[in-house]
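**Student:** This is protein-v2.txt, which holds compact mmCIF, C-alpha atoms and all ligand atoms:
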```
# COMPACT_ATOMS: atom_id res chain seq x y z
CA MET A 74 -8.65 14.94 -18.35
CA HIS A 75 -7.77 17.88 -16.13
CA ALA A 76 -7.40 17.14 -12.41
CA SER A 77 -10.18 19.55 -11.47
CA LEU A 78 -12.71 17.53 -13.48
CA ILE A 79 -12.65 14.60 -11.05
CA THR A 80 -16.11 13.40 -10.08
CA PRO A 81 -16.86 10.82 -7.37
CA SER A 82 -17.63 8.02 -9.84
CA THR A 83 -14.16 8.31 -11.34
CA VAL A 84 -12.34 8.16 -8.02
CA PRO A 85 -10.60 4.87 -7.27
CA ARG A 86 -11.91 3.18 -4.17
CA HIS A 87 -8.52 1.69 -3.32
CA ILE A 88 -5.13 3.21 -4.13
CA ALA A 89 -1.89 1.30 -3.52
CA ILE A 90 1.45 3.10 -3.63
CA ILE A 91 5.05 1.97 -4.06
CA MET A 92 6.78 4.89 -2.36
CA ASP A 93 10.10 4.99 -4.18
CA GLY A 94 12.88 7.53 -4.53
CA ASN A 95 13.63 8.57 -0.95
CA GLY A 96 17.31 7.66 -1.38
CA ARG A 97 17.64 9.58 -4.65
CA TRP A 98 15.91 12.60 -3.17
CA ALA A 99 18.49 12.69 -0.37
CA ARG A 100 21.44 12.00 -2.69
CA GLU A 101 20.46 14.90 -4.96
CA ARG A 102 20.96 17.14 -1.94
CA GLY A 103 24.09 15.43 -0.66
CA TRP A 104 22.20 14.24 2.42
CA PRO A 105 22.10 10.81 4.10
CA ARG A 106 19.44 8.40 2.82
CA LEU A 107 17.57 8.53 6.10
CA LYS A 108 16.84 12.20 5.54
CA GLY A 109 14.99 11.08 2.40
CA HIS A 110 12.97 8.54 4.37
CA GLU A 111 12.19 11.20 6.97
CA GLN A 112 10.92 13.52 4.26
CA GLY A 113 9.05 10.57 2.75
CA SER A 114 7.16 10.00 5.96
CA LEU A 115 5.83 13.58 5.67
CA SER A 116 4.47 12.71 2.22
CA VAL A 117 2.45 9.91 3.83
CA ARG A 118 0.43 12.43 5.81
CA ARG A 119 -0.07 14.71 2.79
CA VAL A 120 -1.22 11.88 0.57
CA ALA A 121 -3.54 10.37 3.19
CA ASP A 122 -5.19 13.80 3.56
CA ALA A 123 -5.51 14.15 -0.21
CA CYS A 124 -7.07 10.68 -0.43
CA MET A 125 -9.67 11.62 2.17
CA SER A 126 -10.49 14.84 0.32
CA ALA A 127 -10.92 12.91 -2.92
CA GLY A 128 -13.12 10.23 -1.31
CA VAL A 129 -10.70 7.33 -1.61
CA GLU A 130 -11.64 4.62 0.91
CA TYR A 131 -8.48 2.50 1.04
CA LEU A 132 -4.85 3.57 0.84
CA THR A 133 -2.20 0.84 0.98
CA LEU A 134 1.46 1.86 1.25
CA TYR A 135 4.52 -0.30 0.66
CA ALA A 136 6.53 0.89 3.66
CA PHE A 137 8.95 -2.01 4.24
CA SER A 138 9.38 -5.09 2.07
CA THR A 139 10.71 -8.53 3.01
CA GLU A 140 13.75 -7.54 0.87
CA ASN A 141 14.40 -4.28 2.73
CA TRP A 142 16.11 -6.18 5.59
CA ARG A 143 19.10 -6.43 3.22
CA ARG A 144 19.76 -2.70 3.51
CA PRO A 145 22.55 -1.48 5.83
CA ALA A 146 21.66 -2.06 9.50
CA HIS A 147 21.60 1.67 10.32
CA GLU A 148 19.12 2.33 7.49
CA VAL A 149 16.85 -0.50 8.69
CA SER A 150 16.93 0.71 12.29
CA GLY A 151 16.41 4.31 11.10
CA LEU A 152 13.33 3.26 9.14
CA MET A 153 11.97 1.43 12.19
CA LEU A 154 12.51 4.53 14.34
CA LEU A 155 10.72 6.66 11.76
CA LEU A 156 7.83 4.26 11.79
CA GLU A 157 7.68 4.36 15.57
CA ARG A 158 7.75 8.14 15.50
CA PHE A 159 5.07 8.27 12.80
CA LEU A 160 2.83 6.03 14.90
CA SER A 161 3.34 7.94 18.13
CA GLU A 162 2.79 11.34 16.48
CA LYS A 163 -0.04 10.55 14.09
CA VAL A 164 -2.47 8.32 15.96
CA ALA A 165 -4.31 11.28 17.51
CA ASP A 166 -4.76 12.77 14.01
CA MET A 167 -5.96 9.44 12.70
CA ILE A 168 -8.56 9.17 15.43
CA GLU A 169 -9.70 12.73 14.76
CA ASN A 170 -9.92 12.22 11.01
CA GLY A 171 -11.61 8.82 11.01
CA VAL A 172 -8.59 6.89 9.73
CA ARG A 173 -8.29 3.20 10.56
CA LEU A 174 -4.76 1.83 10.59
CA ALA A 175 -4.18 -1.69 9.32
CA THR A 176 -1.13 -3.72 8.30
CA ILE A 177 -0.26 -6.47 5.88
CA GLY A 178 2.93 -8.52 6.09
CA ARG A 179 4.67 -10.40 8.83
CA THR A 180 4.63 -7.71 11.45
CA GLU A 181 5.47 -10.19 14.21
CA ALA A 182 9.10 -10.05 13.00
CA LEU A 183 9.35 -6.26 13.47
CA PRO A 184 11.22 -4.88 16.49
CA ALA A 185 9.07 -5.25 19.64
CA PRO A 186 8.58 -1.49 20.28
CA VAL A 187 7.33 -0.98 16.71
CA LYS A 188 5.03 -3.99 16.92
CA LYS A 189 3.65 -2.75 20.23
CA ARG A 190 2.93 0.73 18.87
CA LEU A 191 1.36 -0.75 15.75
CA ASP A 192 -0.95 -2.97 17.77
CA ARG A 193 -1.95 -0.08 19.97
CA ALA A 194 -2.55 2.23 16.99
CA MET A 195 -4.68 -0.41 15.27
CA ALA A 196 -6.73 -0.97 18.41
CA ASP A 197 -7.18 2.78 18.94
CA THR A 198 -8.40 3.35 15.38
CA ALA A 199 -10.32 0.09 14.94
CA HIS A 200 -13.74 1.76 14.79
CA ASN A 201 -12.86 4.33 12.12
CA ASN A 202 -13.85 3.87 8.52
CA ARG A 203 -13.40 7.08 6.56
CA LEU A 204 -10.03 5.88 5.23
CA ILE A 205 -8.43 2.49 5.79
CA LEU A 206 -4.68 3.20 5.81
CA THR A 207 -2.83 -0.07 5.39
CA LEU A 208 0.93 -0.20 5.86
CA ALA A 209 2.69 -3.09 4.17
CA LEU A 210 5.44 -3.96 6.65
CA ASN A 211 7.83 -6.86 6.25
CA TYR A 212 5.55 -7.60 3.33
CA GLY A 213 6.27 -9.63 0.21
CA GLY A 214 3.66 -10.72 -2.32
CA ARG A 215 5.16 -14.17 -2.89
CA ASP A 216 5.52 -14.69 0.83
CA GLU A 217 1.85 -13.79 1.30
CA ILE A 218 0.77 -16.25 -1.41
CA VAL A 219 2.90 -19.05 0.05
CA GLU A 220 1.45 -18.39 3.49
CA ALA A 221 -2.09 -18.53 2.07
CA ALA A 222 -1.30 -21.83 0.35
CA ARG A 223 -0.01 -23.18 3.66
CA GLY A 224 -3.19 -22.19 5.46
CA ILE A 225 -5.33 -23.85 2.80
CA ALA A 226 -3.17 -27.00 2.86
CA ARG A 227 -3.60 -27.20 6.64
CA GLY A 228 -7.37 -27.01 6.16
CA VAL A 229 -7.30 -29.83 3.63
CA GLN A 230 -5.05 -31.91 5.89
CA ALA A 231 -7.38 -31.37 8.84
CA GLY A 232 -10.34 -32.39 6.69
CA THR A 233 -12.13 -29.03 7.06
CA LEU A 234 -11.57 -28.09 3.43
CA LYS A 235 -12.11 -30.05 0.23
CA PRO A 236 -9.65 -29.46 -2.65
CA GLU A 237 -12.66 -28.93 -4.97
CA SER A 238 -13.87 -26.03 -2.84
CA ILE A 239 -10.64 -24.07 -3.38
CA ASN A 240 -11.47 -21.20 -5.72
CA GLN A 241 -10.28 -17.63 -6.19
CA GLU A 242 -12.58 -16.30 -3.50
CA LEU A 243 -11.40 -18.84 -0.95
CA PHE A 244 -7.77 -18.22 -1.85
CA ALA A 245 -8.22 -14.45 -1.48
CA SER A 246 -9.76 -15.00 1.96
CA HIS A 247 -6.44 -16.49 3.10
CA LEU A 248 -4.42 -13.45 2.01
CA ASP A 249 -3.46 -10.62 4.38
CA THR A 250 -5.81 -8.33 2.44
CA ARG A 251 -8.89 -10.44 3.18
CA GLY A 252 -12.00 -8.27 3.31
CA MET A 253 -10.41 -5.45 1.29
CA PRO A 254 -11.30 -4.68 -2.33
CA ASP A 255 -8.40 -5.10 -4.78
CA PRO A 256 -6.58 -1.85 -5.60
CA ASP A 257 -8.11 0.09 -8.49
CA LEU A 258 -4.97 2.16 -8.96
CA LEU A 259 -1.30 1.46 -8.26
CA ILE A 260 1.00 4.49 -8.13
CA ARG A 261 4.75 4.08 -8.28
CA THR A 262 6.96 7.10 -7.78
CA SER A 263 10.46 7.80 -9.16
CA GLY A 264 9.92 6.28 -12.59
CA GLU A 265 10.65 2.60 -12.05
CA MET A 266 8.40 0.23 -14.05
CA ARG A 267 8.31 -2.67 -11.60
CA ILE A 268 5.85 -4.29 -9.20
CA SER A 269 8.66 -5.28 -6.80
CA ASN A 270 6.81 -8.15 -5.11
CA PHE A 271 3.91 -5.90 -4.03
CA LEU A 272 0.34 -7.27 -3.91
CA LEU A 273 1.02 -9.85 -6.64
CA TRP A 274 -2.42 -11.46 -6.42
CA GLN A 275 -4.39 -8.28 -5.81
CA LEU A 276 -2.96 -6.19 -8.68
CA SER A 277 -4.26 -8.49 -11.42
CA TYR A 278 -6.64 -5.90 -12.90
CA THR A 279 -5.24 -2.73 -11.33
CA GLU A 280 -4.47 0.36 -13.41
CA ILE A 281 -0.85 1.47 -13.04
CA HIS A 282 0.35 5.06 -12.88
CA VAL A 283 4.10 5.65 -12.82
CA THR A 284 5.37 9.14 -12.10
CA GLN A 285 8.92 10.51 -12.27
CA LYS A 286 8.32 12.43 -9.04
CA LEU A 287 10.37 11.14 -6.12
CA TRP A 288 8.26 10.12 -3.11
CA PRO A 289 9.36 12.99 -0.82
CA ASP A 290 8.21 15.44 -3.54
CA PHE A 291 4.88 13.68 -4.15
CA GLY A 292 1.95 15.77 -2.99
CA ALA A 293 -1.79 16.38 -3.26
CA ASP A 294 -1.55 17.68 -6.85
CA ASP A 295 0.37 14.57 -7.92
CA LEU A 296 -2.30 12.38 -6.35
CA LYS A 297 -4.99 14.34 -8.21
CA ALA A 298 -3.06 13.90 -11.47
CA ALA A 299 -2.83 10.14 -10.85
CA ILE A 300 -6.57 9.96 -10.16
CA ALA A 301 -7.28 11.94 -13.34
CA ASP A 302 -5.08 9.54 -15.29
CA TYR A 303 -7.02 6.63 -13.76
CA ALA A 304 -10.34 8.27 -14.65
CA SER A 305 -9.26 8.46 -18.29
CA ARG A 306 -8.62 4.71 -18.49
CA GLU A 307 -11.12 2.21 -19.75
CA ARG A 308 -11.21 -0.80 -17.46
CA ARG A 309 -12.25 -3.99 -19.23
CA TYR A 310 -10.99 -6.84 -17.03
CA GLY A 311 -10.09 -8.80 -20.14
CA ALA A 312 -13.48 -8.31 -21.87
CA SER A 313 -13.86 -6.79 -25.34
CA MET A 314 -14.69 -3.11 -25.72
CA GLU A 315 -18.31 -3.97 -26.66
CA ASN A 316 -18.87 -6.23 -23.66
CA ALA A 317 -17.05 -4.11 -21.10
CA ALA A 318 -20.25 -2.47 -19.82
CA SER A 319 -21.66 -5.73 -18.52
CA ILE A 320 -18.55 -6.95 -16.71
CA THR A 321 -18.74 -8.77 -13.42
CA ILE A 322 -15.42 -8.25 -11.69
CA PRO A 323 -13.76 -11.64 -11.06
CA SER A 324 -13.50 -12.54 -7.38
C1 LIG B 401 11.96 3.56 -1.12
O1 LIG B 401 12.95 4.55 -1.34
C2 LIG B 401 11.34 3.71 0.17
C3 LIG B 401 11.38 2.78 1.19
C4 LIG B 401 12.09 1.52 1.07
C5 LIG B 401 10.74 2.99 2.48
C6 LIG B 401 9.49 3.81 2.51
C7 LIG B 401 9.45 4.50 3.81
C8 LIG B 401 8.96 5.71 4.06
C9 LIG B 401 8.25 6.52 3.07
C10 LIG B 401 9.14 6.37 5.39
C11 LIG B 401 8.51 5.68 6.56
C12 LIG B 401 7.13 5.20 6.33
C13 LIG B 401 6.09 5.49 7.12
C14 LIG B 401 4.78 4.87 6.85
C15 LIG B 401 6.19 6.42 8.25
P1 LIG B 401 14.41 4.09 -1.67
O2 LIG B 401 15.22 4.20 -0.44
O3 LIG B 401 14.42 2.74 -2.30
O4 LIG B 401 14.82 5.18 -2.71
P2 LIG B 401 15.90 5.05 -3.88
O5 LIG B 401 15.36 4.01 -4.83
O6 LIG B 401 15.92 6.42 -4.46
O7 LIG B 401 17.18 4.64 -3.24
```
Would you kindly transcribe this structure into structure tokens?
Ligand code: FPP

**Tutor:**
Amino acid sequence: MHASLITPSTVPRHIAIIMDGNGRWARERGWPRLKGHEQGSLSVRRVADACMSAGVEYLTLYAFSTENWRRPAHEVSGLMLLLERFLSEKVADMIENGVRLATIGRTEALPAPVKKRLDRAMADTAHNNRLILTLALNYGGRDEIVEAARGIARGVQAGTLKPESINQELFASHLDTRGMPDPDLLIRTSGEMRISNFLLWQLSYTEIHVTQKLWPDFGADDLKAAIADYASRERRYGASMENAASITIPS
């Protein structure tokens, strides 16, 4: 399907993105990796705008994983500074455009100035609902699942929860993404065919679009192409082709 044929019913409600390839983009130019991340943070704005134009309601970006702490210290601190800069420069735009900022992951372990800006940005945009922009920060899918299991175990131990009442819905309500629909479409840039510990529970039935484009080069047209690819898929949630029309999406 051509990108211009997108109609509202074929637009994913929730897009999640693994923003990969910043380092390669910089290396191709003989520049330091941080230059790639800096350019990558400009793509965030472009893609958020394109999502709003297309009518996407939720955009979730893998900005810093629990594994990213293993990168050289100057790259980690550079990424944190970029995040701080992004927050200080973009909150006014977010307020103006109806974007609500949210996070998933253990943000309490982020440097204090970043955490403070994040909290302020979330409070300042709390009443917006045109686009929910969720940044996954110090996020790991396994970590999130373990944390949910801990919360549930505490409930059982305290006697407020019966083991028999633990079901998928209850489990999902203990995840960082509680209240959000699961992603309809996962985009990964720079060609890698991996999930990389991102949204392990939530991606169960998500359509995956992998593009060779490096994240700093990813723009509105690439997002449209990904949405068109999504629109061409037939989502069956494990049902047969004949029964797919009457599917109730598992909770
Ligand atoms: C992956 O590229 C990218 C990251 C680990 C960080 C993503 C961060 C940004 C896009 C910038 C800051 C974010 C915001 C929200 C302002 P890579 O370094 O793994 O690339 P490579 O695989 O080519 O080395």

**Student:** Residues within 8 Å of ligand LIG 401 (chain B), counting only C-alpha atoms and all ligand atoms: report them as number ranges by chain.

**Tutor:** A: 91-99, 106, 109-117, 134-138, 141, 152-153, 155-160, 208, 263, 287-289

**Student:** Can you work out the spacing between atom CA of A:Arg143 and atom CA of A:Arg100 in Å, to one decimal?

**Tutor:**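 Between atom CA of A:Arg143 and atom CA of A:Arg100 the gap works out to 19.5 Å.
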
**Student:** Point out the residue among A:Trp142, A:Val219, A:Phe271, A:Thr176 with the least atom-to-atom distance to A:Ala194, counting only C-alpha atoms.

**Tutor:**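 The answer is A:Thr176, which sits nearest to A:Ala194.
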
**Student:** Work out how far apart atom CA of A:Val120 and atom CA of A:Ala293 are and give it in Å to one decimal.

**Tutor:**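 Atom CA of A:Ala293 lies 5.9 Å from atom CA of A:Val120.
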
**Student:** Could you list, as a compact mmCIF listing (two decimals) with C-alpha atoms, in the frame of the given file, every residue within 12 Å of stretch 234-241 of chain A, counting all atoms listed in the file and ignoring same-chain residues fewer than 2 positions away?

**Tutor:**
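Heads up, here's the output in around_28.txt:
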```txt
# COMPACT_ATOMS: atom_id res chain seq x y z
CA ALA A 221 -2.09 -18.53 2.07
CA ALA A 222 -1.30 -21.83 0.35
CA GLY A 224 -3.19 -22.19 5.46
CA ILE A 225 -5.33 -23.85 2.80
CA ALA A 226 -3.17 -27.00 2.86
CA ARG A 227 -3.60 -27.20 6.64
CA GLY A 228 -7.37 -27.01 6.16
CA VAL A 229 -7.30 -29.83 3.63
CA GLN A 230 -5.05 -31.91 5.89
CA ALA A 231 -7.38 -31.37 8.84
CA GLY A 232 -10.34 -32.39 6.69
CA LEU A 243 -11.40 -18.84 -0.95
CA PHE A 244 -7.77 -18.22 -1.85
CA ALA A 245 -8.22 -14.45 -1.48
CA SER A 246 -9.76 -15.00 1.96
CA HIS A 247 -6.44 -16.49 3.10
CA LEU A 248 -4.42 -13.45 2.01
CA ARG A 251 -8.89 -10.44 3.18
CA TRP A 274 -2.42 -11.46 -6.42
CA GLN A 275 -4.39 -8.28 -5.81
CA PRO A 323 -13.76 -11.64 -11.06
CA SER A 324 -13.50 -12.54 -7.38
```

**Student:** Suppose you want the space between atom CA of A:Pro184 and atom CA of A:Ile205; what is it in Å?

**Tutor:** 23.6 Å

**Student:** Of the residues A:Gly214, A:Gly178, A:Gly171, A:Gly128, which is the one nearest to A:Asp197, using all atoms listed in the file?

**Tutor:**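 Nearest to A:Asp197: A:Gly171.
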
**Student:** Nearest residue to A:Lys297 out of A:Gly151, A:Pro186, A:Pro85, A:Pro145, using all atoms listed in the file?

**Tutor:**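 So, comparing all the options, the nearest one is A:Pro85.
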
**Student:** Would you please work out which residue, of A:Ser269, A:Asn202, A:Leu258, A:Met125, is nearest to A:His87 when using only C-alpha atoms?

**Tutor:**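 Nearest to A:His87: A:Leu258.
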
**Student:** Using 5 Å of padding on each side, determine the axis-aligned box around all atoms of stretch 136-152 of chain A present in the file and give its centre and edge lengths in Å to one decimal, as lines of an AutoDock Vina configuration file.

**Tutor:**
```
center_x = 14.5
center_y = -2.1
center_z = 6.6
size_x = 26.0
size_y = 22.8
size_z = 21.4
```

**Student:** Between A:Arg215, A:Arg261, A:Arg190, A:Lys286, which one has atoms that come closest to A:Glu140, using only C-alpha atoms?

**Tutor:**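 Checking each candidate against A:Glu140, we get A:Arg215 as the closest.
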
**Student:** For A:Ala175, find every residue with an atom within 12 Å (counting only C-alpha atoms), except residues of its own chain fewer than 2 positions away, and show them as a ChimeraX atom specification.

**Tutor:** /A:131-134,160,167,172-173,177-178,180,191-202,204-210,249-253

**Student:** Which is closest to A:Ala127 among A:Asp294, A:Glu265, A:Glu242, A:Glu307, if we use only C-alpha atoms?

**Tutor:**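 Using only C-alpha atoms, A:Ala127 sits closest to A:Asp294.
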